$ cat data_38.cif   # mmCIF, C-alpha atoms
data_run
loop_
_atom_site.label_atom_id
_atom_site.label_comp_id
_atom_site.auth_asym_id
_atom_site.auth_seq_id
_atom_site.Cartn_x
_atom_site.Cartn_y
_atom_site.Cartn_z
CA MET A 1 0.24 -44.07 -5.87
CA GLY A 2 -2.26 -46.08 -7.85
CA LEU A 3 0.29 -48.67 -8.96
CA LEU A 4 0.73 -49.85 -5.41
CA ASP A 5 -2.92 -50.78 -4.92
CA LYS A 6 -2.44 -54.43 -5.82
CA GLU A 7 0.57 -54.89 -3.59
CA PHE A 8 -1.37 -54.63 -0.34
CA ASN A 9 -1.16 -57.87 1.54
CA ASP A 10 -1.57 -56.55 5.03
CA SER A 11 -3.52 -53.49 6.02
CA ASN A 12 -0.50 -51.77 7.55
CA ILE A 13 2.11 -52.31 4.88
CA VAL A 14 2.71 -50.45 1.66
CA VAL A 15 5.40 -51.71 -0.64
CA ALA A 16 7.15 -49.06 -2.72
CA LYS A 17 10.52 -48.13 -4.04
CA MET A 18 12.54 -45.97 -1.68
CA GLU A 19 13.28 -43.51 -4.46
CA ASP A 20 9.64 -43.10 -5.37
CA VAL A 21 8.66 -42.35 -1.80
CA MET A 22 11.51 -39.91 -1.29
CA ASN A 23 10.84 -38.11 -4.54
CA TRP A 24 7.13 -37.98 -3.84
CA ALA A 25 7.77 -36.49 -0.40
CA ARG A 26 10.23 -33.95 -1.75
CA LEU A 27 8.17 -32.74 -4.66
CA SER A 28 5.02 -32.49 -2.57
CA SER A 29 6.45 -30.20 0.08
CA LEU A 30 8.79 -27.80 -1.65
CA TRP A 31 9.28 -25.13 0.95
CA GLN A 32 10.45 -21.93 -0.66
CA LEU A 33 12.77 -19.40 0.85
CA SER A 34 10.75 -16.33 1.78
CA PHE A 35 12.70 -13.99 -0.41
CA GLY A 36 11.80 -11.56 -3.18
CA LEU A 37 13.68 -9.00 -5.24
CA ALA A 38 11.57 -6.80 -7.52
CA CYS A 39 8.25 -6.68 -9.37
CA CYS A 40 8.42 -10.46 -9.96
CA ALA A 41 8.24 -10.80 -6.19
CA ILE A 42 4.81 -9.14 -6.29
CA GLU A 43 3.59 -11.83 -8.69
CA MET A 44 5.20 -14.45 -6.47
CA MET A 45 3.32 -13.06 -3.49
CA ALA A 46 0.11 -13.13 -5.52
CA ALA A 47 0.87 -16.76 -6.29
CA SER A 48 1.23 -17.46 -2.56
CA ALA A 49 -1.92 -15.60 -1.57
CA SER A 50 -5.37 -17.15 -1.34
CA ASN A 51 -6.56 -16.51 -4.93
CA TYR A 52 -3.84 -18.69 -6.45
CA ASP A 53 -2.80 -20.55 -3.29
CA PHE A 54 0.71 -21.90 -3.81
CA ASP A 55 0.16 -23.99 -0.68
CA ARG A 56 -2.01 -26.47 -2.58
CA PHE A 57 1.23 -27.60 -4.26
CA GLY A 58 2.94 -27.84 -0.89
CA VAL A 59 4.86 -24.61 -1.39
CA MET A 60 5.04 -22.35 1.59
CA PRO A 61 7.51 -19.65 2.51
CA ARG A 62 10.14 -20.32 5.14
CA PRO A 63 11.92 -17.38 6.69
CA THR A 64 15.30 -19.06 6.91
CA PRO A 65 17.44 -20.72 4.22
CA ARG A 66 18.16 -23.57 6.63
CA GLN A 67 14.58 -24.83 6.30
CA ALA A 68 14.09 -24.10 2.61
CA ASP A 69 14.14 -26.52 -0.32
CA VAL A 70 13.68 -24.10 -3.20
CA ILE A 71 14.73 -20.52 -3.80
CA ILE A 72 12.77 -18.52 -6.35
CA ILE A 73 14.96 -15.76 -7.78
CA SER A 74 12.15 -13.31 -8.38
CA GLY A 75 13.57 -10.17 -9.94
CA THR A 76 16.58 -8.11 -10.94
CA VAL A 77 19.79 -9.34 -9.35
CA THR A 78 22.19 -6.48 -8.74
CA LEU A 79 25.85 -7.33 -8.32
CA LYS A 80 25.63 -6.21 -4.71
CA MET A 81 22.71 -8.58 -4.12
CA ALA A 82 24.35 -11.41 -6.07
CA THR A 83 26.98 -11.97 -3.39
CA ARG A 84 24.20 -12.16 -0.78
CA ILE A 85 22.13 -14.58 -2.88
CA LYS A 86 25.12 -16.86 -3.24
CA ARG A 87 25.50 -16.90 0.51
CA LEU A 88 21.78 -17.65 1.01
CA TYR A 89 22.01 -20.48 -1.50
CA GLU A 90 25.02 -21.95 0.24
CA GLN A 91 23.16 -21.92 3.56
CA MET A 92 20.33 -24.06 2.19
CA PRO A 93 20.54 -27.79 2.95
CA ASP A 94 20.71 -30.31 0.10
CA PRO A 95 18.76 -31.22 -1.92
CA LYS A 96 18.07 -27.66 -3.03
CA TYR A 97 16.43 -26.29 -6.14
CA ILE A 98 16.40 -22.96 -7.93
CA ILE A 99 13.64 -21.39 -10.00
CA SER A 100 14.77 -18.38 -11.98
CA MET A 101 11.68 -16.21 -12.35
CA GLY A 102 11.36 -13.54 -15.05
CA SER A 103 13.58 -11.95 -17.67
CA CYS A 104 15.91 -10.18 -15.23
CA ALA A 105 16.86 -13.30 -13.32
CA ASN A 106 17.11 -15.29 -16.57
CA THR A 107 19.29 -12.96 -18.64
CA GLY A 108 19.40 -9.47 -17.13
CA GLY A 109 16.18 -8.48 -18.92
CA PRO A 110 15.90 -4.78 -19.83
CA TYR A 111 19.25 -4.12 -18.14
CA TRP A 112 21.16 -6.42 -20.46
CA GLU A 113 23.14 -3.65 -22.18
CA HIS A 114 23.38 -0.61 -19.90
CA GLY A 115 22.95 -2.25 -16.52
CA TYR A 116 26.41 -1.69 -15.11
CA HIS A 117 25.10 -2.87 -11.73
CA VAL A 118 23.07 -5.91 -12.86
CA LEU A 119 24.09 -9.54 -13.01
CA LYS A 120 23.12 -10.78 -16.49
CA GLY A 121 21.47 -14.00 -15.40
CA ILE A 122 21.47 -15.71 -12.04
CA ASP A 123 22.91 -18.86 -13.64
CA ARG A 124 26.27 -17.10 -13.68
CA ILE A 125 26.59 -17.72 -9.95
CA ILE A 126 24.24 -20.57 -8.98
CA PRO A 127 22.87 -23.57 -10.94
CA VAL A 128 19.27 -23.04 -12.11
CA ASP A 129 16.75 -25.88 -12.40
CA VAL A 130 13.85 -24.12 -14.09
CA TYR A 131 13.65 -20.83 -15.99
CA VAL A 132 10.30 -19.06 -16.05
CA PRO A 133 10.07 -16.47 -18.84
CA GLY A 134 7.98 -13.30 -18.58
CA CYS A 135 8.25 -9.73 -17.42
CA PRO A 136 6.93 -10.38 -14.89
CA PRO A 137 5.46 -13.89 -15.32
CA ARG A 138 1.89 -14.33 -14.20
CA PRO A 139 1.27 -16.64 -11.24
CA GLU A 140 0.08 -19.31 -13.71
CA ALA A 141 3.49 -19.18 -15.39
CA LEU A 142 5.20 -19.59 -12.03
CA PHE A 143 2.95 -22.61 -11.39
CA GLU A 144 4.05 -24.06 -14.71
CA GLY A 145 7.64 -23.61 -13.59
CA LEU A 146 6.93 -25.30 -10.30
CA LEU A 147 5.19 -28.23 -12.01
CA LYS A 148 8.23 -28.59 -14.29
CA LEU A 149 10.44 -28.69 -11.21
CA GLN A 150 8.21 -31.34 -9.65
CA GLU A 151 8.46 -33.35 -12.84
CA LYS A 152 12.22 -33.08 -12.63
CA ILE A 153 12.33 -34.20 -9.01
CA ARG A 154 10.08 -37.17 -9.84
CA THR A 155 12.80 -38.58 -12.11
CA GLU A 156 15.61 -38.25 -9.59
CA THR A 157 17.40 -41.28 -8.27
CA ILE A 158 19.54 -41.61 -5.19
CA ARG A 159 22.61 -41.73 -7.39
CA THR A 160 21.87 -38.82 -9.72
CA LYS A 161 20.25 -35.51 -9.01
CA ASN A 162 18.61 -33.43 -11.71
CA LYS A 163 18.26 -35.90 -14.53
CA LYS A 164 17.33 -34.10 -17.72
CA ILE A 165 13.67 -34.20 -18.64
CA ALA A 166 12.35 -33.90 -22.15
CA MET B 1 8.38 36.04 -2.87
CA SER B 2 9.14 36.01 -6.58
CA ALA B 3 12.31 34.47 -7.95
CA GLU B 4 13.55 37.90 -8.99
CA GLN B 5 13.17 39.19 -5.44
CA ILE B 6 14.87 36.12 -3.98
CA TYR B 7 17.77 36.58 -6.38
CA ASN B 8 18.15 40.28 -5.47
CA LEU B 9 17.99 39.53 -1.76
CA LEU B 10 20.73 36.91 -2.13
CA LYS B 11 22.79 39.26 -4.25
CA GLU B 12 22.57 41.95 -1.55
CA ASN B 13 23.74 39.56 1.14
CA PHE B 14 26.33 37.46 -0.66
CA GLY B 15 27.50 39.55 -3.62
CA ASP B 16 29.98 37.69 -5.78
CA ALA B 17 29.06 34.26 -4.43
CA ILE B 18 25.77 34.54 -6.37
CA LEU B 19 26.56 34.13 -10.05
CA GLU B 20 23.43 34.35 -12.17
CA MET B 21 19.79 33.41 -12.50
CA VAL B 22 18.24 31.49 -15.37
CA SER B 23 14.48 32.02 -15.67
CA ASN B 24 13.54 30.68 -19.08
CA VAL B 25 13.21 27.10 -17.85
CA PRO B 26 10.02 25.04 -17.48
CA THR B 27 10.66 24.51 -13.75
CA GLU B 28 11.56 26.95 -10.98
CA PRO B 29 14.17 29.59 -11.95
CA ILE B 30 17.70 28.40 -11.22
CA ILE B 31 20.18 30.51 -9.26
CA SER B 32 23.85 29.62 -9.70
CA VAL B 33 26.09 29.96 -6.67
CA GLU B 34 29.69 29.26 -5.66
CA PRO B 35 30.27 25.66 -4.46
CA LEU B 36 32.25 26.70 -1.38
CA GLN B 37 29.63 29.25 -0.27
CA ILE B 38 26.59 27.00 -0.55
CA ASN B 39 26.50 26.29 3.18
CA VAL B 40 26.16 29.89 4.37
CA ILE B 41 23.76 30.69 1.54
CA SER B 42 21.59 27.70 2.47
CA GLN B 43 21.63 28.71 6.11
CA PHE B 44 20.35 32.13 5.08
CA LEU B 45 17.71 30.66 2.77
CA ARG B 46 16.36 28.54 5.60
CA ASP B 47 16.56 31.00 8.47
CA SER B 48 15.76 34.37 6.91
CA ASN B 49 12.27 35.54 7.76
CA GLU B 50 11.34 36.49 4.22
CA LEU B 51 12.50 33.19 2.69
CA GLN B 52 11.98 30.32 5.16
CA PHE B 53 13.00 27.52 2.80
CA ASP B 54 12.34 24.76 5.30
CA ASN B 55 12.16 21.89 2.83
CA LEU B 56 14.87 20.52 0.55
CA MET B 57 12.74 18.65 -1.98
CA ASN B 58 15.57 17.16 -3.96
CA LEU B 59 19.32 17.30 -4.36
CA SER B 60 20.92 15.74 -7.39
CA GLY B 61 24.25 15.53 -9.13
CA VAL B 62 24.70 16.13 -12.86
CA ASP B 63 27.62 15.64 -15.23
CA ASP B 64 27.49 18.70 -17.49
CA ASN B 65 29.14 16.80 -20.34
CA ASN B 66 31.45 19.70 -21.17
CA ALA B 67 34.84 18.01 -20.76
CA THR B 68 37.33 18.11 -23.62
CA LYS B 69 37.54 14.64 -25.06
CA THR B 70 40.63 13.40 -26.82
CA THR B 71 41.00 10.07 -28.58
CA ASN B 72 44.23 8.33 -27.73
CA GLU B 73 46.32 6.29 -30.13
CA ASP B 74 44.91 3.01 -28.82
CA GLY B 75 41.34 4.20 -29.48
CA SER B 76 40.41 4.90 -25.87
CA VAL B 77 38.91 8.28 -25.02
CA SER B 78 40.23 10.41 -22.20
CA SER B 79 38.52 13.56 -20.99
CA GLU B 80 39.91 16.62 -19.30
CA GLY B 81 38.41 19.61 -17.55
CA GLY B 82 34.67 20.21 -17.51
CA THR B 83 32.31 20.55 -14.59
CA LEU B 84 30.01 18.55 -12.37
CA SER B 85 26.96 20.28 -10.93
CA VAL B 86 24.69 19.85 -7.96
CA TYR B 87 21.07 21.04 -8.11
CA TYR B 88 19.05 21.89 -5.02
CA HIS B 89 15.26 22.15 -5.24
CA LEU B 90 13.96 24.17 -2.34
CA ASP B 91 10.45 24.73 -1.11
CA SER B 92 8.88 26.67 1.71
CA PHE B 93 5.90 25.12 3.46
CA SER B 94 5.02 28.33 5.27
CA LEU B 95 5.48 30.87 2.46
CA LYS B 96 4.65 28.52 -0.42
CA HIS B 97 7.40 29.56 -2.80
CA LYS B 98 10.05 27.53 -4.56
CA ILE B 99 13.47 28.02 -6.05
CA ALA B 100 16.27 25.92 -7.49
CA LEU B 101 19.96 26.38 -6.74
CA LYS B 102 22.79 25.16 -8.89
CA THR B 103 26.46 24.96 -8.08
CA SER B 104 29.17 23.79 -10.48
CA THR B 105 32.50 22.38 -9.49
CA ASN B 106 35.67 21.38 -11.24
CA ARG B 107 35.44 17.83 -12.56
CA ASP B 108 38.97 16.85 -11.60
CA VAL B 109 38.70 17.88 -7.94
CA PRO B 110 34.94 18.15 -7.36
CA GLU B 111 34.31 19.76 -3.98
CA VAL B 112 31.03 21.19 -2.73
CA GLU B 113 30.07 22.10 0.82
CA SER B 114 27.59 19.79 2.47
CA VAL B 115 24.18 21.17 3.52
CA THR B 116 23.36 18.20 5.75
CA ASN B 117 23.58 20.33 8.88
CA ILE B 118 20.86 22.61 7.45
CA TRP B 119 18.44 20.14 5.84
CA TYR B 120 19.01 16.69 7.28
CA SER B 121 17.35 15.10 4.24
CA ALA B 122 20.43 16.11 2.25
CA ASN B 123 22.42 13.37 3.96
CA TRP B 124 21.44 10.46 1.70
CA HIS B 125 21.02 12.68 -1.37
CA GLU B 126 24.60 13.83 -1.06
CA ARG B 127 25.74 10.27 -0.54
CA GLU B 128 23.99 9.35 -3.78
CA ALA B 129 25.63 12.22 -5.67
CA PHE B 130 28.96 11.09 -4.25
CA ASP B 131 28.26 7.47 -5.21
CA MET B 132 27.24 8.24 -8.80
CA PHE B 133 29.47 11.24 -9.66
CA GLY B 134 32.26 11.28 -7.07
CA ILE B 135 31.38 14.75 -5.85
CA ASN B 136 33.12 15.29 -2.54
CA PHE B 137 30.79 16.99 -0.04
CA LEU B 138 32.93 18.81 2.51
CA ASN B 139 31.90 18.38 6.17
CA HIS B 140 29.41 15.62 5.38
CA PRO B 141 28.97 13.47 8.53
CA ASP B 142 29.07 10.10 6.75
CA LEU B 143 30.15 10.29 3.13
CA ARG B 144 30.06 6.66 1.94
CA ARG B 145 28.60 4.98 -1.12
CA ILE B 146 24.88 4.44 -0.71
CA LEU B 147 23.83 2.29 -3.70
CA MET B 148 26.90 0.65 -5.19
CA PRO B 149 28.99 -1.85 -3.21
CA ASP B 150 31.60 -0.24 -0.93
CA ASP B 151 34.50 -1.62 -2.97
CA TRP B 152 33.14 -0.44 -6.35
CA GLU B 153 35.61 1.46 -8.50
CA GLY B 154 34.63 4.55 -10.47
CA PHE B 155 31.49 6.65 -10.57
CA PRO B 156 28.87 5.12 -12.88
CA LEU B 157 26.92 8.20 -14.01
CA ARG B 158 29.94 10.18 -15.14
CA LYS B 159 29.93 10.61 -18.92
CA ASP B 160 33.38 9.06 -19.28
CA TYR B 161 32.55 6.03 -17.15
CA GLU B 162 33.40 2.67 -18.61
CA ASN B 163 31.83 -0.55 -17.43
CA PRO B 164 34.27 -2.89 -15.71
CA GLU B 165 34.60 -6.44 -17.07
CA PHE B 166 34.29 -8.15 -13.71
CA TYR B 167 33.09 -7.46 -10.20
CA ASP B 168 34.04 -9.88 -7.43
CA GLY B 169 34.61 -12.68 -9.95
CA MET B 170 31.27 -12.10 -11.71
CA LYS B 171 31.31 -11.13 -15.37
CA ILE B 172 29.35 -7.93 -15.96
CA PRO B 173 28.84 -7.50 -19.75
CA TYR B 174 26.03 -9.53 -21.29
#
$ encode --input "data_38.cif" --output "C-alpha cells"
Amino acid sequence: MGLLDKEFNDSNIVVAKMEDVMNWARLSSLWQLSFGLACCAIEMMAASASNYDFDRFGVMPRPTPRQADVIIISGTVTLKMATRIKRLYEQMPDPKYIISMGSCANTGGPYWEHGYHVLKGIDRIIPVDVYVPGCPPRPEALFEGLLKLQEKIRTETIRTKNKKIA
Amino acid sequence: MSAEQIYNLLKENFGDAILEMVSNVPTEPIISVEPLQINVISQFLRDSNELQFDNLMNLSGVDDNNATKTTNEDGSVSSEGGTLSVYYHLDSFSLKHKIALKTSTNRDVPEVESVTNIWYSANWHEREAFDMFGINFLNHPDLRRILMPDDWEGFPLRKDYENPEFYDGMKIPY
C-alpha cells in the first residue's frame, strides 16, 4: 500500500478507499474449498504442500463450503458429480470464485467425444473466473491462475463483481 | 489340476450344463457353462476338495456384438437377438491353479444367477455388470447401479447404446 505512505497524519490512522481495502483483504486470503476430483487434485495438493506452499498466497483449504471463498475444480467432472458440485457451489457464501483446473474441467479433455458420463466443461453449470490449461497443470500453472484471479479481484468495485481484465 | 482335468471333473458332475472348453487363448482356458446353473457349479468349484477355488479374481460383463442389426427407414439402427456374456476368473490360493468361466445369456432378457453367496467379492462386480450391460443377476442381494446415477437410462457399454442429449438439464455432447 505504498501510495498511502504520504497520507499519514496521525500514527493510528490510515486513509484508503473502502474498495481497495476490501479487495486487498479478499485477494490476500482466498480460502479454497478442500475438494479434489482426479489427477489434477494431486497437483493441487502438491501446490498446497510445503515445496510450493500455496499458503504464502493466503490460500488454505477449508473443509466446508460455508467458509470457502474459492473452489478449484481439479479434474474430470462426471455428470453424477456435477449435481453435487453445483450444490457445493450454492452453499458457498458470496463473494465466491471458481478456478477451472485442467483440460477435463475446462472442456471435458480426453473424454470430449466418447465420455457419455462426463460433463464437457464445468462452465456449463457454474460460472468460471479463471481457466487453467494443462493435463494436469503443474503447480506453477495453478499459481498463475491464482494470480490472475487476484488481479481480477483487485479491479472489483462494490457495484460490479468480476470486471473483465485485459 | 490342469484345465483339462477340471473340465472333465465338471463334465462328470454337471453333464449338459457344461458346454465347451476353449484352450487356445493367451490367458487361462475358458469353460462355457449354462447361465442358470452357474450358482451350483460355482459352489462345487469352491467347495470340492480337488478344486478349492477360493478366490474370484474378476467378474466382468461383455457384449458379444453378435446381434442382427437392421437400419430403419429414418436411418436409426435397431438390433435384435445376440448374446451378453459374463466372465469369471477364478484362482485357488491353496492349490495354485486358475480357470476362467464364461456364461452367455440372451440379450433381450439377460438373466444369470448371482454368485454373491459363494464369493462375496462378486457383489460389486455383478452390480457393475448390471450397470454397464443390464445383465440381471438372479438372487443378488442388492442389485442397483454402482457407477452411473440411479436415474440413468440405458446401459452404456452395450454395443447399441446411444448417448442421451441431456442428463438432469445438463447437455452431454461436446
$ atom_distance --input "data_38.cif" --atom1 "CA of Thr64 (chain A)" --atom2 "CA of Trp24 (chain A)"
23.2 Å
$ atom_distance --input "data_38.cif" --atom1 "CA of Leu157 (chain B)" --atom2 "CA of Val118 (chain A)"
14.7 Å
$ residues_around --input "data_38.cif" --residues "Gly58 (chain A)" --least-positions-apart "2" --cutoff "10 Å" --atoms "all atoms listed in the file" --output "PyMOL selection string"
chain A and resi 25-32+53-56+60-61
$ resolve_selection --input "data_38.cif" --expression "the PyMOL selection byres ((chain B) within 9 of (chain A))" --output "MDAnalysis selection string"
chainID B and resid 147:149 156 162:164 167:168 170:174
$ write_last_selection --input "data_38.cif" --atoms "C-alpha atoms" --output "compact mmCIF listing (two decimals), in the frame of the given file"
# COMPACT_ATOMS: atom_id res chain seq x y z
CA LEU B 147 23.83 2.29 -3.70
CA MET B 148 26.90 0.65 -5.19
CA PRO B 149 28.99 -1.85 -3.21
CA PRO B 156 28.87 5.12 -12.88
CA GLU B 162 33.40 2.67 -18.61
CA ASN B 163 31.83 -0.55 -17.43
CA PRO B 164 34.27 -2.89 -15.71
CA TYR B 167 33.09 -7.46 -10.20
CA ASP B 168 34.04 -9.88 -7.43
CA MET B 170 31.27 -12.10 -11.71
CA LYS B 171 31.31 -11.13 -15.37
CA ILE B 172 29.35 -7.93 -15.96
CA PRO B 173 28.84 -7.50 -19.75
CA TYR B 174 26.03 -9.53 -21.29
$ residues_around --input "data_38.cif" --residues "Ser34 (chain A)" --least-positions-apart "6" --cutoff "12 Å" --atoms "only C-alpha atoms" --output "list in words"
Ala41, Met44, Met45, Ser48, Val59, Met60, Pro61, Arg62, Pro63, Thr64, Pro65, Arg66, Gln67, Ala68, Asp69, Val70, Ile71, Ile72, Ile73, Ser74 and Leu88 of chain A
$ closest_residue --input "data_38.cif" --among "B:Leu56, B:Asn72, B:Asn66, B:Gly81" --to "Glu126 (chain B)" --atoms "all atoms listed in the file"
B:Leu56
$ closest_residue --input "data_38.cif" --among "A:Cys40, A:Leu33, A:Ala46, A:Ile13" --to "Met92 (chain A)" --atoms "only C-alpha atoms"
A:Leu33
$ closest_residue --input "data_38.cif" --among "A:Val128, A:Met18, A:Met101, A:Leu146" --to "Ile42 (chain A)" --atoms "all atoms listed in the file"
A:Met101
$ resolve_selection --input "data_38.cif" --expression "the PyMOL selection byres ((chain B and resi 124) around 12)" --output "PyMOL selection string"
chain B and resi 58-60+114-116+119-123+125-131+137+140-147
$ resolve_selection --input "data_38.cif" --expression "the PyMOL selection byres ((chain B and resi 5-13) around 9)" --output "PDB file with C-alpha atoms, in the frame of the given file"
ATOM      1  CA  MET B   1       8.380  36.040  -2.870  1.00  0.00           C
ATOM      2  CA  SER B   2       9.140  36.010  -6.580  1.00  0.00           C
ATOM      3  CA  ALA B   3      12.310  34.470  -7.950  1.00  0.00           C
ATOM      4  CA  GLU B   4      13.550  37.900  -8.990  1.00  0.00           C
ATOM      5  CA  PHE B  14      26.330  37.460  -0.660  1.00  0.00           C
ATOM      6  CA  GLY B  15      27.500  39.550  -3.620  1.00  0.00           C
ATOM      7  CA  ASP B  16      29.980  37.690  -5.780  1.00  0.00           C
ATOM      8  CA  ALA B  17      29.060  34.260  -4.430  1.00  0.00           C
ATOM      9  CA  ILE B  18      25.770  34.540  -6.370  1.00  0.00           C
ATOM     10  CA  LEU B  19      26.560  34.130 -10.050  1.00  0.00           C
ATOM     11  CA  GLU B  20      23.430  34.350 -12.170  1.00  0.00           C
ATOM     12  CA  MET B  21      19.790  33.410 -12.500  1.00  0.00           C
ATOM     13  CA  ILE B  31      20.180  30.510  -9.260  1.00  0.00           C
ATOM     14  CA  ILE B  41      23.760  30.690   1.540  1.00  0.00           C
ATOM     15  CA  PHE B  44      20.350  32.130   5.080  1.00  0.00           C
ATOM     16  CA  LEU B  45      17.710  30.660   2.770  1.00  0.00           C
ATOM     17  CA  GLU B  50      11.340  36.490   4.220  1.00  0.00           C
ATOM     18  CA  LEU B  51      12.500  33.190   2.690  1.00  0.00           C
ATOM     19  CA  ILE B  99      13.470  28.020  -6.050  1.00  0.00           C
TER      20      ILE B  99
END
